[in-house]
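Printed here is coords-v8.pdb (PDB, C-alpha atoms):
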```
ATOM      1  CA  MET X 233     110.855 135.312  96.972
ATOM      2  CA  PRO X 234     107.742 135.626  94.780
ATOM      3  CA  ALA X 235     104.656 137.188  96.349
ATOM      4  CA  GLU X 236     102.750 133.962  95.806
ATOM      5  CA  ALA X 237     105.272 132.060  97.930
ATOM      6  CA  LEU X 238     104.877 134.553 100.760
ATOM      7  CA  CYS X 239     101.155 134.043 100.515
ATOM      8  CA  PHE X 240     101.707 130.305 101.087
ATOM      9  CA  MET X 241     103.674 131.088 104.243
ATOM     10  CA  GLY X 242     100.600 132.852 105.559
ATOM     11  CA  HIS X 243      98.603 129.635 105.280
ATOM     12  CA  ALA X 244     101.278 127.800 107.261
ATOM     13  CA  LYS X 245     100.193 129.643 110.361
ATOM     14  CA  ASP X 246      96.742 128.085 110.051
ATOM     15  CA  LEU X 247      97.210 125.152 112.405
ATOM     16  CA  HIS X 248      93.720 123.834 111.741
ATOM     17  CA  GLN X 249      94.878 122.784 108.312
ATOM     18  CA  SER X 250      97.800 120.731 109.569
ATOM     19  CA  ALA X 251      95.948 117.690 110.923
ATOM     20  CA  LEU X 252      93.427 115.162 109.633
ATOM     21  CA  THR X 253      90.358 114.999 111.861
ATOM     22  CA  PRO X 254      86.926 113.377 111.583
ATOM     23  CA  GLN X 255      85.746 116.701 110.103
ATOM     24  CA  LYS X 256      88.753 117.374 107.921
ATOM     25  CA  ASN X 257      89.971 115.067 105.159
ATOM     26  CA  GLU X 258      92.790 117.276 103.988
ATOM     27  CA  MET X 259      95.782 118.904 105.575
ATOM     28  CA  LYS X 260      98.384 121.267 104.244
ATOM     29  CA  LEU X 261     101.821 122.319 105.447
ATOM     30  CA  VAL X 262     103.972 125.082 103.995
ATOM     31  CA  PHE X 263     107.578 125.489 105.116
ATOM     32  CA  PRO X 264     110.967 126.775 104.015
ATOM     33  CA  ALA X 265     113.149 124.455 101.935
ATOM     34  CA  ASP X 266     115.999 123.693 104.319
ATOM     35  CA  PRO X 267     116.991 120.492 106.148
ATOM     36  CA  VAL X 268     116.009 121.725 109.599
ATOM     37  CA  ALA X 269     112.597 122.966 108.400
ATOM     38  CA  VAL X 270     112.068 119.608 106.652
ATOM     39  CA  ARG X 271     112.715 117.889 109.984
ATOM     40  CA  GLY X 272     110.066 120.082 111.561
ATOM     41  CA  ALA X 273     107.627 119.482 108.707
ATOM     42  CA  LEU X 274     108.057 115.711 109.013
ATOM     43  CA  LYS X 275     107.335 115.915 112.707
ATOM     44  CA  ALA X 276     104.280 118.103 112.054
ATOM     45  CA  SER X 277     103.054 115.765 109.290
ATOM     46  CA  MET X 278     103.341 112.649 111.409
ATOM     47  CA  SER X 279     101.649 114.465 114.254
ATOM     48  CA  GLY X 280      98.884 115.593 111.859
ATOM     49  CA  LEU X 281      98.215 111.917 111.061
ATOM     50  CA  THR X 282      97.906 110.743 114.672
ATOM     51  CA  ASN X 283      94.107 110.583 114.455
ATOM     52  CA  LEU X 284      94.401 107.849 111.830
ATOM     53  CA  ASN X 285      94.705 104.232 112.949
ATOM     54  CA  LEU X 286      98.080 103.761 111.301
ATOM     55  CA  THR X 287     100.293 100.789 112.078
ATOM     56  CA  ILE X 288     103.907 101.395 113.109
ATOM     57  CA  ASP X 289     104.902 100.032 109.714
ATOM     58  CA  GLU X 290     102.625 102.453 107.855
ATOM     59  CA  ARG X 291     103.930 105.402 109.855
ATOM     60  CA  GLY X 292     107.465 104.297 109.004
ATOM     61  CA  VAL X 293     106.645 104.092 105.293
ATOM     62  CA  ILE X 294     105.011 107.529 105.252
ATOM     63  CA  GLU X 295     107.876 109.167 107.131
ATOM     64  CA  ILE X 296     110.548 107.571 104.928
ATOM     65  CA  VAL X 297     108.772 108.612 101.720
ATOM     66  CA  LEU X 298     108.101 112.177 102.886
ATOM     67  CA  ALA X 299     111.699 112.556 104.077
ATOM     68  CA  GLU X 300     113.051 111.442 100.700
ATOM     69  CA  VAL X 301     110.667 113.582  98.656
ATOM     70  CA  LEU X 302     111.241 116.711 100.755
ATOM     71  CA  ASN X 303     115.015 116.239 100.942
ATOM     72  CA  ASN X 304     115.094 115.901  97.165
ATOM     73  CA  VAL X 305     113.373 119.260  96.822
ATOM     74  CA  VAL X 306     115.872 120.903  99.195
ATOM     75  CA  GLU X 307     118.953 119.259  97.697
ATOM     76  CA  HIS X 308     118.048 119.391  94.010
ATOM     77  CA  ALA X 309     115.091 121.596  93.060
ATOM     78  CA  TYR X 310     116.313 124.429  95.302
ATOM     79  CA  ALA X 311     120.020 123.512  95.226
ATOM     80  CA  HIS X 312     121.017 126.887  93.802
ATOM     81  CA  HIS X 313     118.350 129.005  95.461
ATOM     82  CA  THR X 314     119.086 130.989  98.596
ATOM     83  CA  SER X 315     115.560 130.316  99.804
ATOM     84  CA  GLY X 316     112.491 128.430  98.705
ATOM     85  CA  VAL X 317     109.118 127.213  99.874
ATOM     86  CA  ILE X 318     107.652 123.708  99.866
ATOM     87  CA  GLU X 319     103.958 122.926 100.107
ATOM     88  CA  LEU X 320     102.781 119.500 101.235
ATOM     89  CA  ARG X 321      99.153 118.440 100.903
ATOM     90  CA  VAL X 322      97.715 115.250 102.330
ATOM     91  CA  LYS X 323      94.235 113.996 101.505
ATOM     92  CA  ARG X 324      92.473 111.025 103.011
ATOM     93  CA  GLY X 325      90.966 108.602 100.495
ATOM     94  CA  ALA X 326      88.845 105.484 100.923
ATOM     95  CA  ASP X 327      91.807 103.126 101.246
ATOM     96  CA  ARG X 328      94.847 105.361 100.914
ATOM     97  CA  LEU X 329      96.409 108.722 101.543
ATOM     98  CA  HIS X 330      97.012 111.049  98.590
ATOM     99  CA  PHE X 331     100.096 113.241  98.824
ATOM    100  CA  THR X 332     101.010 116.289  96.742
ATOM    101  CA  VAL X 333     104.327 118.128  97.030
ATOM    102  CA  LEU X 334     104.775 121.490  95.293
ATOM    103  CA  ASP X 335     107.884 123.600  94.863
ATOM    104  CA  ASP X 336     109.088 126.432  92.639
ATOM    105  CA  GLY X 337     112.611 125.108  92.122
ATOM    106  CA  VAL X 338     114.268 123.790  88.990
ATOM    107  CA  PRO X 339     112.573 120.893  87.184
ATOM    108  CA  LEU X 340     113.681 117.287  87.482
ATOM    109  CA  PRO X 341     116.293 116.412  84.841
ATOM    110  CA  ASP X 342     114.602 115.593  81.508
ATOM    111  CA  ASP X 343     111.324 116.728  83.068
ATOM    112  CA  GLY X 344     110.661 113.265  84.388
ATOM    113  CA  LEU X 345     111.110 110.845  87.245
ATOM    114  CA  PRO X 346     114.687 109.576  87.378
ATOM    115  CA  GLU X 347     115.616 106.002  86.565
ATOM    116  CA  THR X 348     116.652 104.010  89.607
ATOM    117  CA  PRO X 349     119.176 101.419  88.470
ATOM    118  CA  SER X 350     119.878  98.791  91.096
ATOM    119  CA  HIS X 351     123.339  99.118  92.586
ATOM    120  CA  SER X 352     125.596  96.135  92.924
ATOM    121  CA  LEU X 353     126.443  95.584  96.559
ATOM    122  CA  ALA X 354     128.637  92.579  95.813
ATOM    123  CA  GLY X 355     131.971  94.361  95.318
ATOM    124  CA  PRO X 356     134.450  95.677  97.879
ATOM    125  CA  VAL X 357     133.239  97.939 100.674
ATOM    126  CA  ASP X 358     134.952 100.923  99.032
ATOM    127  CA  ASP X 359     132.638 100.579  96.020
ATOM    128  CA  LEU X 360     129.395 100.660  98.017
ATOM    129  CA  PRO X 361     127.031 103.471  96.991
ATOM    130  CA  GLU X 362     126.553 106.288  99.525
ATOM    131  CA  GLY X 363     123.640 107.847  97.681
ATOM    132  CA  GLY X 364     121.014 107.247  95.043
ATOM    133  CA  PHE X 365     118.666 105.524  97.475
ATOM    134  CA  GLY X 366     116.101 108.308  97.654
ATOM    135  CA  TRP X 367     114.088 107.795  94.474
ATOM    136  CA  PHE X 368     114.466 104.046  94.837
ATOM    137  CA  LEU X 369     112.776 104.179  98.249
ATOM    138  CA  ILE X 370     110.067 106.527  96.959
ATOM    139  CA  LYS X 371     109.235 104.190  94.071
ATOM    140  CA  GLU X 372     109.281 101.100  96.278
ATOM    141  CA  LEU X 373     106.990 102.529  98.932
ATOM    142  CA  THR X 374     104.413 104.550  96.953
ATOM    143  CA  GLN X 375     101.751 103.982  94.338
ATOM    144  CA  ASP X 376     100.463 106.256  91.528
ATOM    145  CA  LEU X 377     103.700 108.263  91.481
ATOM    146  CA  ASN X 378     103.335 111.149  89.026
ATOM    147  CA  TYR X 379     105.461 114.206  88.290
ATOM    148  CA  VAL X 380     104.264 117.301  86.419
ATOM    149  CA  ARG X 381     106.227 120.438  85.593
ATOM    150  CA  SER X 382     103.954 123.355  84.891
ATOM    151  CA  ASP X 383     105.206 126.886  84.308
ATOM    152  CA  ILE X 384     107.577 127.452  87.224
ATOM    153  CA  ARG X 385     106.250 124.752  89.499
ATOM    154  CA  ASN X 386     107.118 121.131  90.256
ATOM    155  CA  ARG X 387     104.262 118.936  91.353
ATOM    156  CA  LEU X 388     104.767 115.403  92.636
ATOM    157  CA  ASP X 389     101.733 113.263  93.425
ATOM    158  CA  PHE X 390     101.701 109.821  94.984
ATOM    159  CA  THR X 391      99.541 107.637  97.168
ATOM    160  CA  ILE X 392     100.256 105.251 100.009
ATOM    161  CA  ALA X 393      97.752 102.459 100.590
ATOM    162  CA  LEU X 394      96.566 101.904 104.156
ATOM    163  CA  ALA X 395      94.868  98.980 105.872
ATOM    164  CA  ASP X 396      92.511 101.324 107.706
ATOM    165  CA  THR X 397      91.827 104.969 106.854
ATOM    166  CA  ARG X 398      89.306 105.698 109.590
ATOM    167  CA  VAL X 399      89.866 108.801 111.680
ATOM    168  CA  SER X 400      89.122 108.706 115.378
TER
ATOM    169  CA  MET K  94     125.652 115.326 116.841
ATOM    170  CA  GLU K  95     125.823 113.272 120.006
ATOM    171  CA  LEU K  96     127.987 110.168 119.828
ATOM    172  CA  THR K  97     129.593 108.584 122.872
ATOM    173  CA  HIS K  98     131.879 105.582 123.137
ATOM    174  CA  ILE K  99     133.118 103.004 125.556
ATOM    175  CA  ASP K 100     135.916 100.510 124.944
ATOM    176  CA  THR K 101     135.654  96.899 126.020
ATOM    177  CA  ALA K 102     138.584  94.487 125.822
ATOM    178  CA  LYS K 103     137.888  93.751 122.191
ATOM    179  CA  ALA K 104     135.500  96.353 120.826
ATOM    180  CA  ARG K 105     134.679 100.040 120.781
ATOM    181  CA  VAL K 106     130.960 100.520 121.333
ATOM    182  CA  ILE K 107     129.705 103.801 119.880
ATOM    183  CA  THR K 108     126.289 104.925 121.069
ATOM    184  CA  VAL K 109     124.279 107.237 118.843
ATOM    185  CA  SER K 110     122.390 109.555 121.201
ATOM    186  CA  GLU K 111     120.211 111.028 118.469
ATOM    187  CA  ASN K 112     116.639 110.101 117.508
ATOM    188  CA  ARG K 113     117.342 110.623 113.842
ATOM    189  CA  ILE K 114     120.223 110.293 111.420
ATOM    190  CA  ASP K 115     118.934 112.406 108.562
ATOM    191  CA  ALA K 116     119.961 114.980 105.958
ATOM    192  CA  ALA K 117     120.247 117.651 108.657
ATOM    193  CA  ILE K 118     123.053 115.825 110.501
ATOM    194  CA  ALA K 119     124.449 113.313 107.976
ATOM    195  CA  ILE K 120     127.709 115.229 107.439
ATOM    196  CA  SER K 121     128.419 115.826 111.117
ATOM    197  CA  PHE K 122     127.599 112.162 111.811
ATOM    198  CA  LYS K 123     130.184 111.077 109.258
ATOM    199  CA  ASP K 124     132.826 113.506 110.612
ATOM    200  CA  ARG K 125     132.259 112.520 114.236
ATOM    201  CA  MET K 126     132.364 108.828 113.321
ATOM    202  CA  ARG K 127     135.735 109.394 111.673
ATOM    203  CA  GLU K 128     137.113 110.845 114.911
ATOM    204  CA  LEU K 129     135.718 107.996 116.983
ATOM    205  CA  THR K 130     136.832 105.166 114.704
ATOM    206  CA  GLU K 131     140.454 106.270 114.317
ATOM    207  CA  GLY K 132     142.639 104.332 116.727
ATOM    208  CA  GLY K 133     141.062 102.162 119.410
ATOM    209  CA  PRO K 134     139.997  98.525 119.126
ATOM    210  CA  ASP K 135     139.689  96.854 115.715
ATOM    211  CA  ARG K 136     136.066  95.970 116.265
ATOM    212  CA  ILE K 137     133.537  98.781 116.172
ATOM    213  CA  LEU K 138     129.960  98.281 117.230
ATOM    214  CA  VAL K 139     127.454 101.097 116.722
ATOM    215  CA  ASP K 140     124.517 101.002 119.124
ATOM    216  CA  MET K 141     121.501 102.477 117.307
ATOM    217  CA  ALA K 142     118.937 101.873 120.085
ATOM    218  CA  GLN K 143     117.997 105.544 120.338
ATOM    219  CA  VAL K 144     117.674 106.069 116.578
ATOM    220  CA  ASP K 145     114.009 105.904 115.550
ATOM    221  CA  PHE K 146     114.504 107.066 111.991
ATOM    222  CA  ILE K 147     117.050 107.318 109.201
ATOM    223  CA  ASP K 148     116.607 108.708 105.697
ATOM    224  CA  SER K 149     118.758 107.953 102.663
ATOM    225  CA  SER K 150     121.260 110.662 103.638
ATOM    226  CA  GLY K 151     121.613 109.003 107.029
ATOM    227  CA  LEU K 152     122.034 105.619 105.390
ATOM    228  CA  GLY K 153     124.698 107.112 103.099
ATOM    229  CA  ALA K 154     126.507 108.505 106.143
ATOM    230  CA  ILE K 155     126.503 105.087 107.828
ATOM    231  CA  VAL K 156     127.897 103.493 104.648
ATOM    232  CA  ALA K 157     130.519 106.252 104.497
ATOM    233  CA  ALA K 158     131.428 105.586 108.135
ATOM    234  CA  MET K 159     132.024 101.926 107.343
ATOM    235  CA  LYS K 160     134.216 102.876 104.377
ATOM    236  CA  GLN K 161     136.254 105.271 106.539
ATOM    237  CA  VAL K 162     136.982 102.470 108.974
ATOM    238  CA  GLY K 163     138.734 100.502 106.246
ATOM    239  CA  PRO K 164     139.184  96.782 105.689
ATOM    240  CA  ASP K 165     141.384  96.116 108.730
ATOM    241  CA  LYS K 166     138.621  96.807 111.226
ATOM    242  CA  SER K 167     135.160  95.427 111.593
ATOM    243  CA  PHE K 168     132.201  97.830 111.625
ATOM    244  CA  GLU K 169     128.960  96.423 113.005
ATOM    245  CA  LEU K 170     125.525  97.714 113.987
ATOM    246  CA  ALA K 171     123.176  96.800 116.817
ATOM    247  CA  ASN K 172     119.636  97.627 117.948
ATOM    248  CA  LEU K 173     117.981  98.804 114.730
ATOM    249  CA  SER K 174     114.430 100.136 115.136
ATOM    250  CA  SER K 175     111.723  98.771 112.843
ATOM    251  CA  THR K 176     111.820 101.820 110.551
ATOM    252  CA  VAL K 177     115.618 101.784 110.392
ATOM    253  CA  GLN K 178     115.510  98.058 109.603
ATOM    254  CA  LYS K 179     113.040  98.757 106.818
ATOM    255  CA  VAL K 180     115.426 101.224 105.132
ATOM    256  CA  PHE K 181     118.312  98.738 105.395
ATOM    257  CA  LYS K 182     116.177  95.921 104.030
ATOM    258  CA  LEU K 183     114.688  97.837 101.093
ATOM    259  CA  THR K 184     118.121  99.026  99.973
ATOM    260  CA  ARG K 185     119.575  95.550 100.662
ATOM    261  CA  MET K 186     122.162  97.158 102.940
ATOM    262  CA  ASP K 187     121.107  94.529 105.484
ATOM    263  CA  THR K 188     123.165  92.116 103.355
ATOM    264  CA  VAL K 189     126.273  94.295 103.596
ATOM    265  CA  PHE K 190     126.367  95.132 107.305
ATOM    266  CA  THR K 191     126.707  92.808 110.253
ATOM    267  CA  ILE K 192     123.605  93.636 112.285
ATOM    268  CA  HIS K 193     123.078  92.439 115.855
ATOM    269  CA  ALA K 194     119.840  92.333 117.824
ATOM    270  CA  ASN K 195     121.553  94.154 120.698
ATOM    271  CA  VAL K 196     124.936  95.055 122.133
ATOM    272  CA  ASP K 197     124.959  92.242 124.661
ATOM    273  CA  THR K 198     124.482  89.501 122.093
ATOM    274  CA  ALA K 199     127.054  91.157 119.833
ATOM    275  CA  LEU K 200     129.664  91.121 122.587
ATOM    276  CA  GLY K 201     128.595  87.888 124.210
ATOM    277  CA  GLY K 202     127.925  89.731 127.466
ATOM    278  CA  GLY K 203     131.267  91.529 127.168
ATOM    279  CA  LEU K 204     129.968  95.001 127.932
ATOM    280  CA  ALA K 205     129.406  94.085 131.574
ATOM    281  CA  ASN K 206     133.192  93.681 131.928
ATOM    282  CA  ALA K 207     133.988  96.997 130.273
ATOM    283  CA  GLY K 208     136.210  99.604 131.891
TER
END
```
Kindly transcribe the structure held in the file into structure tokens.
Amino acid sequence: MPAEALCFMGHAKDLHQSALTPQKNEMKLVFPADPVAVRGALKASMSGLTNLNLTIDERGVIEIVLAEVLNNVVEHAYAHHTSGVIELRVKRGADRLHFTVLDDGVPLPDDGLPETPSHSLAGPVDDLPEGGFGWFLIKELTQDLNYVRSDIRNRLDFTIALADTRVS
Amino acid sequence: MELTHIDTAKARVITVSENRIDAAIAISFKDRMRELTEGGPDRILVDMAQVDFIDSSGLGAIVAAMKQVGPDKSFELANLSSTVQKVFKLTRMDTVFTIHANVDTALGGGLANAG
């Protein structure tokens, strides 16, 4: 694991960074790239957003999107790595949350966001798709989705609009 | 992966005792569902009341479970939470599955006579 990645892990211990508060408009989580750690990170993220007046629907949208983005990193970017680190940043804006996800895995194919062709669900049950929903859900539920590959790092940015971004 | 089942006269009701069906347990969910859907009544009803959240891996595992059951049996869902419903709706899987508001309505009160 690169020294820089270990340095990130140090920040993860800083719990003050992992929640939005009236004094703090940004939070950051750093965690290992495996399915169980992603579960924990999702729980920590949703808990870090409890001071916002989010609706149940908005919380659902955020959790679905984060799950898909983080699972993609584990299953694809780090598919052939024995270990890896993911960094998630959340920033509160005037009418939305800005999310940034960083990893040091392999780039997305063709260095870009994948196409999401719509599957036909009309055929027999045996032909139903069992995958390929992830990027579709991400595109449906986010705005300003942008992917950048720089040097060894993947960076995915997106926003999710909220009805109310006040922190209490 | 905690799945339990109870057989009524006409249906096997499988209860998912997990809060999440996600990438971490999708494979064991699919395997356990295979065990529970082999044999038994031809109608299978999966009670999702305790499931707050599914991701696309979880959705894929539920689709896979329906495929495993095959065309001779019916595979139905009940009690989807609002977030689970959202995933089904966005992916249009709500048009593929038979989804019931709850187990009682699905069975017409049949569960009370079970066992």
*Skipping near chain neighbours, those fewer than 6 positions away, what residues fall within 9 Å of Thr374 in chain X using all atoms listed in the file, listed as a list in words?*
Val293, Ile294, Val297, Phe390, Thr391, Ile392 and Ala393 of chain X
*Once you count all atoms listed in the file, which residues end up no further than 7 Å from (136.4, 91.9, 123.1) in the file's frame, shown as a list in words?*
Thr101, Ala102, Lys103, Ala104, Leu200 and Gly203 of chain K
Could you write out the selected residues, including C-alpha atoms, as a short mmCIF file (atom, residue, chain, number, x, y, z; two decimals), in the coordinates of the input?
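Saved to out04.cif:
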```cif
data_model
loop_
_atom_site.label_atom_id
_atom_site.label_comp_id
_atom_site.auth_asym_id
_atom_site.auth_seq_id
_atom_site.Cartn_x
_atom_site.Cartn_y
_atom_site.Cartn_z
CA THR K 101 135.65 96.90 126.02
CA ALA K 102 138.58 94.49 125.82
CA LYS K 103 137.89 93.75 122.19
CA ALA K 104 135.50 96.35 120.83
CA LEU K 200 129.66 91.12 122.59
CA GLY K 203 131.27 91.53 127.17
#
```
*Which residues, written as an MDAnalysis selection string, have at least one atom at most 9 Å from range 325-342 of chain X, with all atoms listed in the file counted and residues fewer than 3 positions away on the same chain left out?*
chainID X and resid 237 257 265 301:302 305:306 308:313 316:322 345:346 379 381 384:398
*Looking at all atoms listed in the file, which of K:Val189, K:Val139, K:Val106, K:Val162 is the one that sits closest to chain X?*
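Checking each candidate against chain X, we get K:Val189 as the closest.
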_Using all atoms listed in the file and a distance of at most 6 Å, pull out the residues of chain X that contact chain K, as an MDAnalysis selection string._
chainID X and resid 267:268 292 358 362:363 365:366
*Within 12 Å of Asp165 in chain K, counting all atoms listed in the file, which residues qualify if same-chain residues fewer than 4 places away don't, as an MDAnalysis selection string?*
(chainID X and resid 357) or (chainID K and resid 130:132 134:137 159:161)
*How many Å separate CA of Ile288 in chain X from CA of Arg271 in chain X?*
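These atoms are spaced 19.0 Å apart.
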*Could you check how far CA of Leu284 in chain X sits from CA of Leu252 in chain X, in Å to one decimal?*
7.7 Å
*How far is it from CA of Asn195 in chain K to CA of Ala171 in chain K, in Å with one decimal?*
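Here the two named atoms are 5.0 Å from each other.
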